[in-house]
Structures are given as structure tokens and as C-alpha cells.
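Enquirer: Let me give you the structure first, and then I'll get to my questions.
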Amino acid sequence: MDSAAKDKMKPALPCGFSCSGPEWPEQERAEQLARGAALKWASGIFYRPEQLTRLGQYRSREVQRTCSLEARIKSVVQSYLEGVQTGVWQLARALEAVQGTREALSQAHELLKSMAQASQSLKPLREQVSQHKQLQALSQLLPRLQAVPAAMAHTQTLIDAQRLLEAYVSLRELEQLQEETWAPLGGLELPVFQGLGLLAEALSQAVETAAMAARKLAREDPALLVAAIRVAEVEAGRTTPVGQAPRDWRQLCLRALQRGLEQVHFSTTTLPEPGALARWLEALQVALPAELATAEALVAPCCPPHYKVVQLWAHTLHNGLRRSLQQLLAGPELGAADAFALLHWALHVYLGQEMMGSLELGPEADVSQLEPLLTLENIEQLEATFVAKVQASVAQWLQKALDGEIAEWGREQEPNTDPSGFYHSPMPAIVLQILAENIRVTSLVSESLQQRMHGMALSELGAFLRSFSDALIRFSRDHLRGEAMAPHYVPYLLAAFNHQTALSSSVSSLQPDGVASGILAPIEAALDELQRRICRLVLEALQLELQPLFESVPSRRWLSSSELLDCVCDQTSRFCRDFWRVRSPAVKLLLAEAERTVVLQYLRALMQGRLVCRDADERTQAAERLRHDAAQLKELFLRLGLEENSHCAPVLLALRELLNLRDPTLLGLEVAGLRQQFPDVSEDHVSALLDLRGDVSREQRQAALISLQDSSPPSPLTGHRALFSLVPAPTPSFSSCLPSGPCS
């Protein structure tokens, strides 16, 4: 196309486009700025007169510059106008193209409408074609489809006959035929295949039943077990068609293996009755290792290696046993024997070499890393139950032992003796044996149970000691009141001393290993209290026998004859004749307390004020009687076996010095010396002794009492036992404050 034609095709510019339009405000402002700048430049250039000569040059230069700028502006404007003209032309061509496209689309839309109407008219024809294809496919599959009912019946027969592999092959052929009919029939389900799902379900149940009976089949019919496992494995390797639910017969088979094993050993009907838990555990102790051996020797060869039959068996047995034990613990509370048997079996036997830890079992049978049979809460519950049950039984046994001992206290015979002649009873040995045996048995289970049993044993022993002490008090009360006279009252009290000694010497066997000895402090304190109570009961009996004999001490008869003290010594000797049947060190304590009781009775008699010496001869005679009596008592208890350093009779010698003093003015020194030897002597005691002298004036008495008050208390390390503090002092009479004289 030539330029003339092209220019002819270009649209003409509007008339007003080339005409000068109104001036822009910016243009006017620019002109003003330009004029101002020019004036400023001109005023600067032509400020001096000599520059005016060059005005022509400046004018011509500016004219040239102005012409050049105008030319450049015209060129730019012309180029811009040409570009606008080209763009307008292109827009016109695009508008024409769009209009043409719209017309073409409108024609296409009309064509589509006509084609849709034609398609609707062809729809019956397509349906006829589809039906023709389905009929053609059915006509081709008709012989095979006619054989489907017979094939399904044959498959059911194979399943009933436990020919599982053949049944599975027949089932798969039927399923493949069903899959072949789906595509031609568009997924249409034929009525002839309606029983196919039930047939597959029957085969899965047969496989499951065979797997549940794996233990029996492995011995009697391993081929059937292998067939069931192969069917499950082949089905697991098959690709499930789209739209069909997957059949995970492998997992079904594994679950059936586990369920069959659990039903044999841990079904609800196999849980033991109360009292039969030990036999049930013993049966499991034999059955579970045998079960694992059977699994390894017979069942594992019938299964693929990835089944890990031995591990599956071990884990199934472990978990089933754990659930059974949890059910057992959730039921009625176990007895003591069952609780102990379960604790010992679960903590020691189950994982030991006799069962799951046997060297004959491979590493696949290891269950040590699984969850334990008993949780910490279960162990705590069983231990508490066992200790509570045993505590009730121990309390009954100890009470029976105590009742048997109490029944012997009223016998006509003396207590039994051992070969050494000491009073003896099996009760202490029975008590300690009961407690020690229970502690020993619990050491076979756990340290925590043993500690619980230690605490229980000490608690029951403390209760037994309290009951024993109370029984002795009732025995003594009934005897002394005459309600139940015991023919051999004192000998049975002495036998109780030996019981206490036997318990004290053996109670250390109840102390836990590695525990501080302070844990036995309450028991030792109870034993000491029991010993003091028995001793007090014996001494009360001795005091009752001696009390009538001391009613004539002091007296004129006492001054003139040793007959009264001879009776006292004879009675004391007869009373203490069986003390040798008490074991040491209790016999030493008993003799020492008996000697002190006699001396206390003597002191009580002296403090009664029954005698007042009339002259110096009677005071000398009384002093001599005190010396003789002290020597006689010393001889008596030395003969009975009491060591001399334990005697209290020397107090009579100290009183002898107080009576034998010739000068009453020196009584203060003598009283101060008496205070040094016997810190518990009081003013009332001293006054009673001064009354016995019969020659002490008021001033001398006051001086002696002041000397007693002013004397420094002795050192607490003197080791003297209390004497005067146990002797009731008589109330001072008015006559004791008057000058005393001889009185009959």
C-alpha cells in the first residue's frame, strides 16, 4: 500500500485540534517567569554603559536560539500528533474486528441450539444402543452366569467340608465373574450374585474358626490350619477393586489366634473361686510355659515368619493374664492367703526362670518390657489387704495364747519349769514365733510388705503387752479380794517375770534390718512397764504378809527380843523361796525390791510413834536392836542371793547412830549427816525419830531441824534409791513441841 493510500485510510483530525486553543494557566505562569528571568538577565548584562555596544550581538544570538527552540518544539508536537493519529486508526480497526467476532459467535450459538435439539432426538437411540451392548455381553456370559448358583452351592459345600483353599479359589472365580459383568452392565448388580457376600462371610468365619482352634489343629490337623493361614495371606496380597470394601483377613486371623488363646486360659469361667487362687496360679505356672513351647514347636511352622507366633503367644498370654488379674482385684476382697500368693507369684515367680524367664524360651517370649501384671496401686491394695487380714488373725492367735496362759493361773499345780528349774511357759515363744514367722514370710515378697508387717507386728505386740498387763491386774485384784483365790498366786506372778524376760530378750528379732533401734522404743517401754507392774504386784503380796508382823515394831517386846524380826525374816524367806526360779536379771531386781519393801515396812513402823524411849538404856537398847536387825536382814538377803551393794538395810545403821547419840546438842550434826546419806529424809521423819529418842527438848529439836534445812543437798550422783519419800511421815503432834520427858 502506498503512502497516499495509507494517508487516505487514516482518519482526519478534528478541525479544532490544530487551531490554537485558549492558553493554559501554567503556560501563562511560565511565560511570566521567563519574562522575569529575561529582564533580570538583561538588567545584569546592560548595567554598565560599555555593554550597550554589544546589544546587537546579543539580539541576534537570542533570535537564533529562539528559532532553534521553536523548530524543536514543532518537531516534537508533530511526532506526537502522528502517534495519536496511528492509535486512533488502530482502534477503529479493532472495533471492526470485534463486531465481526460478535456476529460469528451469534451464528455459532444458533448452531449449538440446533445441535442440542438434534441430540435430544437421538437419546432413545443411544439407550437402545446401550441395551443392545448389555444384551450382547449377557449373551456372551450367559453360559457362565447359568453356572453361578451351582458354583456357589459347591463353594458352600467346600466351606462346610473345611476345604478352605478350594473354597477360596471357587469364591475368587465367582468374584472375578461378577467383576467382568460390572463394566458391560455399567455397575449393575445381577440377582444371581446376591448370595456372594454371604458366601465370602462364611469363608471368613471358617478361617477365623480355624485360627481360633490353632492350638488343637497344630496337633491334630495342621493342614487345615495352614490352609486357613494361606487363604488369609492370599487375600491380604490381593488388590481390592474400586467400589468393593477391603477384606483384611490377615488381621482377622491374628485376632482369632489371640482370642482363641485367651478363651482357653483367661475366660470368665476360668477365674478362681475365693481360696483357690494359689492352685490357679500353680496351674498357670505349668500351663503358660507349655503353651509357649507348643507355639514354638507346632504353631509357628504353620504360619509365615512375619506372624511372630511365639511373640504373639507371649504377649497375648501376658495381656490376658493381666486383664484377668485386674478383674479379680475389682471383685470381692481377697483373703490373706490369696493376696500373699498373688503378690509372690506376680513379683517373683512369673518373670523368674520357672516361667517367662526360662532359658528354654527364646528372646521372642520376653515380656519383661511389657506393662507389669500388677500396677503400683494393685500392689499397694494387695499389701494393705494382706496386712489387715493377717493383723486380725494375729490378734486372735495372740488372744488365744493369752487366754490359755490365764486359764493356767488358777490351777492347783505350780507353774511348769524348764530343765534348769526356771518357771516356763510356751506363751512368749508362741507370741514371738507368730510375729517373726509372718515377718519372715513377707520377706519373700517385697521390702515394702516386710516393713508393713514389721509395723503391724510391733503394734500387735504392744497391744498384747497391754492385755497381758491388764490380765495380771485383774488376776491380782480377784485374788486379793477373795473373788477367785489362786492356790499359787505368787509363783504365777514370778512366772510372768520370766515371760517378760523372754519377750525382752527376743524382741530385737522383730527389728527390721537397716532400721534404727529407736523403732523398738515403744515396745521396750511397754516391757519395762510390764516388769514394774509385775514387781509391784509381787511386792504388794509381800507387804500384805509382813504388815501384821510389823504392827508390834517398835515396842517393849521388840526392844527385849529378836523374836519379831525372826518372824519377819522367816516369813520373807518363805515368800522368796521361789525367787530362784526367776531368770536373771529380773531376779536381782526382784530381790532388791523385796529387800527394800521389808526395809520400808520397818521404817513405816518406826515412824508410827508407838514407842518413846524412857531413858538412855532404852535408847541404847533400841540402837542395838536396829544394828542387830540390820545385820539379820543383811544376812537374810545375802543368803537369798542379793549383792551387798544393793541392800537398803544400812539405813537402819544410820538411824542407830541417831538414837545412840549421847549428847542431844550434837543432834544437828547427826541429822545433817543423815541428810547427806538419804536426801529424801524430811523434817517430819526427823521429828518422828527424835520423838523415839524421848530426850530431845524443844530448843534441841529446833536446832536439829534448822541444821536439816541448812544442810546442802547431796550430789545427784550418789545413787541412793528413794526410801524416806515412800514412807508416810506422821503428822506432828502438839506434844512434840513441848519438852519431852520419859513416858511409858
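If you're wondering about the labels, chains in the C-alpha cells are A, B, ... by order shown, residues count from 1 in each chain, ligands from 1 in order shown.
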Using only C-alpha atoms, which protein or nucleic acid residues come within 8 Å of segment 218-220 of chain A? Drop anything in the same chain fewer than 4 positions from it, and give the result as a list in words.
Expert: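 After dropping sequence-adjacent residues, the list is Ala214, Leu225, Leu298, Val299 and Cys302 of chain A.
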Enquirer: Would you kindly return, as number ranges by chain, each protein, DNA or RNA residue with an atom no farther than 12 Å from any atom of Ala276 of chain A, considering only C-alpha atoms and excluding same-chain residues fewer than 2 positions away?
Expert: A: 270-274, 278-283, 334-335, 337-339, 341-342
Enquirer: Please, could you write that set of residues out with C-alpha atoms as a PDB file, in the first residue's frame?
Expert:
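Output contents, as saved in result32.pdb:
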ATOM      1  CA  THR A 270     -11.796 -69.911  84.442  1.00  0.00           C
ATOM      2  CA  LEU A 271     -11.319 -67.236  87.141  1.00  0.00           C
ATOM      3  CA  PRO A 272     -10.641 -68.896  90.506  1.00  0.00           C
ATOM      4  CA  GLU A 273     -13.052 -69.002  93.401  1.00  0.00           C
ATOM      5  CA  PRO A 274     -12.064 -67.453  96.770  1.00  0.00           C
ATOM      6  CA  ALA A 278      -2.970 -70.375  94.674  1.00  0.00           C
ATOM      7  CA  ARG A 279      -3.972 -73.534  92.782  1.00  0.00           C
ATOM      8  CA  TRP A 280      -4.978 -71.436  89.761  1.00  0.00           C
ATOM      9  CA  LEU A 281      -1.594 -69.694  89.751  1.00  0.00           C
ATOM     10  CA  GLU A 282       0.206 -73.017  90.116  1.00  0.00           C
ATOM     11  CA  ALA A 283      -1.716 -74.351  87.118  1.00  0.00           C
ATOM     12  CA  LEU A 334      -9.122 -61.372  98.539  1.00  0.00           C
ATOM     13  CA  GLY A 335      -8.201 -63.331 101.630  1.00  0.00           C
ATOM     14  CA  ALA A 337      -3.547 -66.394 101.620  1.00  0.00           C
ATOM     15  CA  ASP A 338      -4.764 -65.365  98.155  1.00  0.00           C
ATOM     16  CA  ALA A 339      -3.290 -61.857  98.433  1.00  0.00           C
ATOM     17  CA  ALA A 341       0.078 -65.923  96.816  1.00  0.00           C
ATOM     18  CA  LEU A 342      -0.733 -63.358  94.111  1.00  0.00           C
TER      19      LEU A 342
END
Enquirer: Taking the DSSP assignment computed from this structure's backbone, write out as a VMD selection string all residues of segment 416-585 of chain A that belong to alpha helix (DSSP H).
Expert: chain A and resid 427 to 442 447 to 481 489 to 506 521 to 546 556 to 560 563 to 575
Enquirer: Taking only C-alpha atoms into account, which of A:Asp684, A:Glu670, A:Asp470, A:Glu383 comes nearest Ser711 of chain A?
Expert: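 With only C-alpha atoms as the atom set, the closest residue is A:Glu670.
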Enquirer: Neighbours of segment 201-213 of chain A within 8 Å (only C-alpha atoms; same-chain residues fewer than 2 positions away dropped), as a PyMOL selection string?
Expert: chain A and resi 156+159+162+164+167-168+197-199+215-217+224-225+228-229+231-232+249+252-254+256-261
Enquirer: Just write the chosen residues, C-alpha atoms, as a PDB file, in the first residue's frame.
Expert:
ATOM      1  CA  GLN A 156     -20.549 -73.582  50.359  1.00  0.00           C
ATOM      2  CA  ILE A 159     -16.519 -74.441  53.160  1.00  0.00           C
ATOM      3  CA  GLN A 162     -13.294 -77.293  55.634  1.00  0.00           C
ATOM      4  CA  LEU A 164     -10.715 -73.811  52.553  1.00  0.00           C
ATOM      5  CA  ALA A 167     -13.419 -72.849  48.537  1.00  0.00           C
ATOM      6  CA  TYR A 168     -11.338 -69.699  48.236  1.00  0.00           C
ATOM      7  CA  GLY A 197     -21.312 -61.659  50.051  1.00  0.00           C
ATOM      8  CA  LEU A 198     -22.757 -64.219  52.439  1.00  0.00           C
ATOM      9  CA  LEU A 199     -20.500 -66.831  50.894  1.00  0.00           C
ATOM     10  CA  ARG A 215      -3.595 -74.926  69.325  1.00  0.00           C
ATOM     11  CA  LYS A 216      -5.714 -78.004  68.641  1.00  0.00           C
ATOM     12  CA  LEU A 217      -5.264 -78.028  64.863  1.00  0.00           C
ATOM     13  CA  LEU A 224      -6.379 -77.177  57.914  1.00  0.00           C
ATOM     14  CA  LEU A 225      -4.540 -74.512  59.937  1.00  0.00           C
ATOM     15  CA  ALA A 228      -6.684 -71.062  56.717  1.00  0.00           C
ATOM     16  CA  ILE A 229      -3.468 -69.053  57.087  1.00  0.00           C
ATOM     17  CA  VAL A 231      -6.249 -68.113  52.460  1.00  0.00           C
ATOM     18  CA  ALA A 232      -5.760 -65.083  54.762  1.00  0.00           C
ATOM     19  CA  TRP A 249      -8.449 -61.437  56.689  1.00  0.00           C
ATOM     20  CA  LEU A 252      -8.880 -61.275  61.338  1.00  0.00           C
ATOM     21  CA  CYS A 253      -6.700 -64.346  61.564  1.00  0.00           C
ATOM     22  CA  LEU A 254      -4.267 -62.735  64.039  1.00  0.00           C
ATOM     23  CA  ALA A 256      -8.617 -65.041  66.133  1.00  0.00           C
ATOM     24  CA  LEU A 257      -5.321 -66.601  67.199  1.00  0.00           C
ATOM     25  CA  GLN A 258      -5.232 -64.263  70.216  1.00  0.00           C
ATOM     26  CA  ARG A 259      -8.894 -64.699  71.094  1.00  0.00           C
ATOM     27  CA  GLY A 260      -8.702 -68.485  70.970  1.00  0.00           C
ATOM     28  CA  LEU A 261      -5.678 -68.462  73.270  1.00  0.00           C
TER      29      LEU A 261
END
Enquirer: Quick one: pull the distance between atom CA of Leu343 of chain A and atom CA of Leu382 of chain A, Å, one decimal.
Expert: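 According to the coordinates, atom CA of Leu343 of chain A and atom CA of Leu382 of chain A are separated by 7.2 Å.
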Enquirer: Do a neighbour search on segment 550-558 of chain A at 6 Å with only C-alpha atoms, toss out local chain neighbours closer than 2 positions, and write the hits as a PDB file with N, CA, C and O atoms, in the first residue's frame.
Expert:
ATOM      1  N   GLN A 547       2.840 -56.985 156.863  1.00  0.00           N
ATOM      2  CA  GLN A 547       2.197 -55.877 157.579  1.00  0.00           C
ATOM      3  C   GLN A 547       1.729 -56.267 158.984  1.00  0.00           C
ATOM      4  O   GLN A 547       1.964 -55.517 159.944  1.00  0.00           O
ATOM      5  N   PRO A 548       1.109 -57.440 159.204  1.00  0.00           N
ATOM      6  CA  PRO A 548       0.723 -57.793 160.594  1.00  0.00           C
ATOM      7  C   PRO A 548       1.925 -57.961 161.522  1.00  0.00           C
ATOM      8  O   PRO A 548       1.832 -57.687 162.721  1.00  0.00           O
ATOM      9  N   SER A 560      13.357 -55.989 173.689  1.00  0.00           N
ATOM     10  CA  SER A 560      13.935 -57.034 174.530  1.00  0.00           C
ATOM     11  C   SER A 560      14.198 -58.336 173.792  1.00  0.00           C
ATOM     12  O   SER A 560      14.898 -59.207 174.320  1.00  0.00           O
ATOM     13  N   SER A 561      13.660 -58.498 172.588  1.00  0.00           N
ATOM     14  CA  SER A 561      13.802 -59.792 171.932  1.00  0.00           C
ATOM     15  C   SER A 561      13.849 -59.611 170.419  1.00  0.00           C
ATOM     16  O   SER A 561      13.261 -58.676 169.869  1.00  0.00           O
ATOM     17  N   ALA A 605       6.969 -48.583 160.355  1.00  0.00           N
ATOM     18  CA  ALA A 605       6.672 -48.937 161.753  1.00  0.00           C
ATOM     19  C   ALA A 605       7.371 -47.996 162.725  1.00  0.00           C
ATOM     20  O   ALA A 605       6.791 -47.561 163.737  1.00  0.00           O
ATOM     21  N   LEU A 611       6.487 -46.096 170.231  1.00  0.00           N
ATOM     22  CA  LEU A 611       7.423 -46.251 171.360  1.00  0.00           C
ATOM     23  C   LEU A 611       8.199 -44.964 171.563  1.00  0.00           C
ATOM     24  O   LEU A 611       8.625 -44.332 170.596  1.00  0.00           O
TER      25      LEU A 611
END
Enquirer: Pick out the closest residue to Thr157 of chain A from this set: A:Ser170, A:Ser448, A:Ala495, A:Leu145. Count only C-alpha atoms.
Expert: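 Of A:Ser170, A:Ser448, A:Ala495, A:Leu145, the one nearest Thr157 of chain A, counting only C-alpha atoms, is A:Ser170.
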Enquirer: Have a look at atom CA of Glu333 of chain A and atom CA of Leu373 of chain A and let me know their distance in Å, one decimal.
Expert: 17.9 Å
Enquirer: Could you tell me which of A:Thr66, A:Arg477, A:Phe386, A:Gln413 comes closest to Arg452 of chain A if we count only C-alpha atoms?
Expert: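 Result for the nearest residue to Arg452 of chain A: A:Phe386.
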Enquirer: Write out as a count of residues only the residues lying within 12 Å of Pro191 of chain A, counting only C-alpha atoms and excluding same-chain residues fewer than 4 positions away.
Expert: 8
Enquirer: Dump as a Markdown table the rows for residues of segment 387-480 of chain A within 9 Å of segment 519-538 of chain A: closest atom pair and distance in Å with one decimal, only C-alpha atoms counted, ordered by chain and rising residue number.
Expert:
| residue | atom | partner | partner_atom | distance |
| --- | --- | --- | --- | --- |
| A:Leu458 | CA | A:Ile523 | CA | 7.1 |
| A:Ser459 | CA | A:Ile523 | CA | 8.6 |
| A:Leu461 | CA | A:Ile523 | CA | 7.5 |
| A:Gly462 | CA | A:Ile523 | CA | 5.9 |
| A:Leu465 | CA | A:Ala526 | CA | 6.8 |
| A:Arg466 | CA | A:Ala526 | CA | 7.6 |
| A:Phe468 | CA | A:Leu530 | CA | 8.3 |
| A:Ser469 | CA | A:Leu530 | CA | 6.0 |
| A:Leu472 | CA | A:Ile534 | CA | 7.6 |
| A:Ile473 | CA | A:Leu537 | CA | 8.0 |
| A:Ser476 | CA | A:Leu537 | CA | 7.1 |
Enquirer: For Lys308 of chain A, list every protein, DNA or RNA residue within 12 Å, evaluated using only C-alpha atoms, and leave out those in the same chain fewer than 6 positions away; present the list as a count of residues only.
Expert: 15
Enquirer: Taking only C-alpha atoms into account, which of A:Val169, A:Arg693, A:Ser43, A:Ala97 comes nearest Arg610 of chain A?
Expert: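 Closest residue, counting only C-alpha atoms: A:Arg693.
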Enquirer: So that I can check the surroundings of Ser707 of chain A, please list as a PyMOL selection string every protein, DNA and RNA residue that reaches within 8 Å of it, counting only C-alpha atoms and ignoring chain neighbours fewer than 5 positions away.
Expert: chain A and resi 668-669+671-672
Enquirer: Show me, as CSV, the residues of segment 504-584 of chain A having an atom within 8 Å of segment 625-633 of chain A, each with the closest atom pair and its distance in Å, using only C-alpha atoms.
Expert:
residue,atom,partner,partner_atom,distance
A:Trp558,CA,A:Arg625,CA,7.9
A:Leu559,CA,A:Arg625,CA,6.4
A:Ser562,CA,A:Arg625,CA,7.8
A:Leu565,CA,A:Asp629,CA,6.9
A:Cys569,CA,A:Leu633,CA,7.1
Enquirer: Between A:Thr501, A:Leu402, A:Ala223, A:Arg65, single out the one closest to Pro585 of chain A, counting only C-alpha atoms.
Expert: A:Thr501
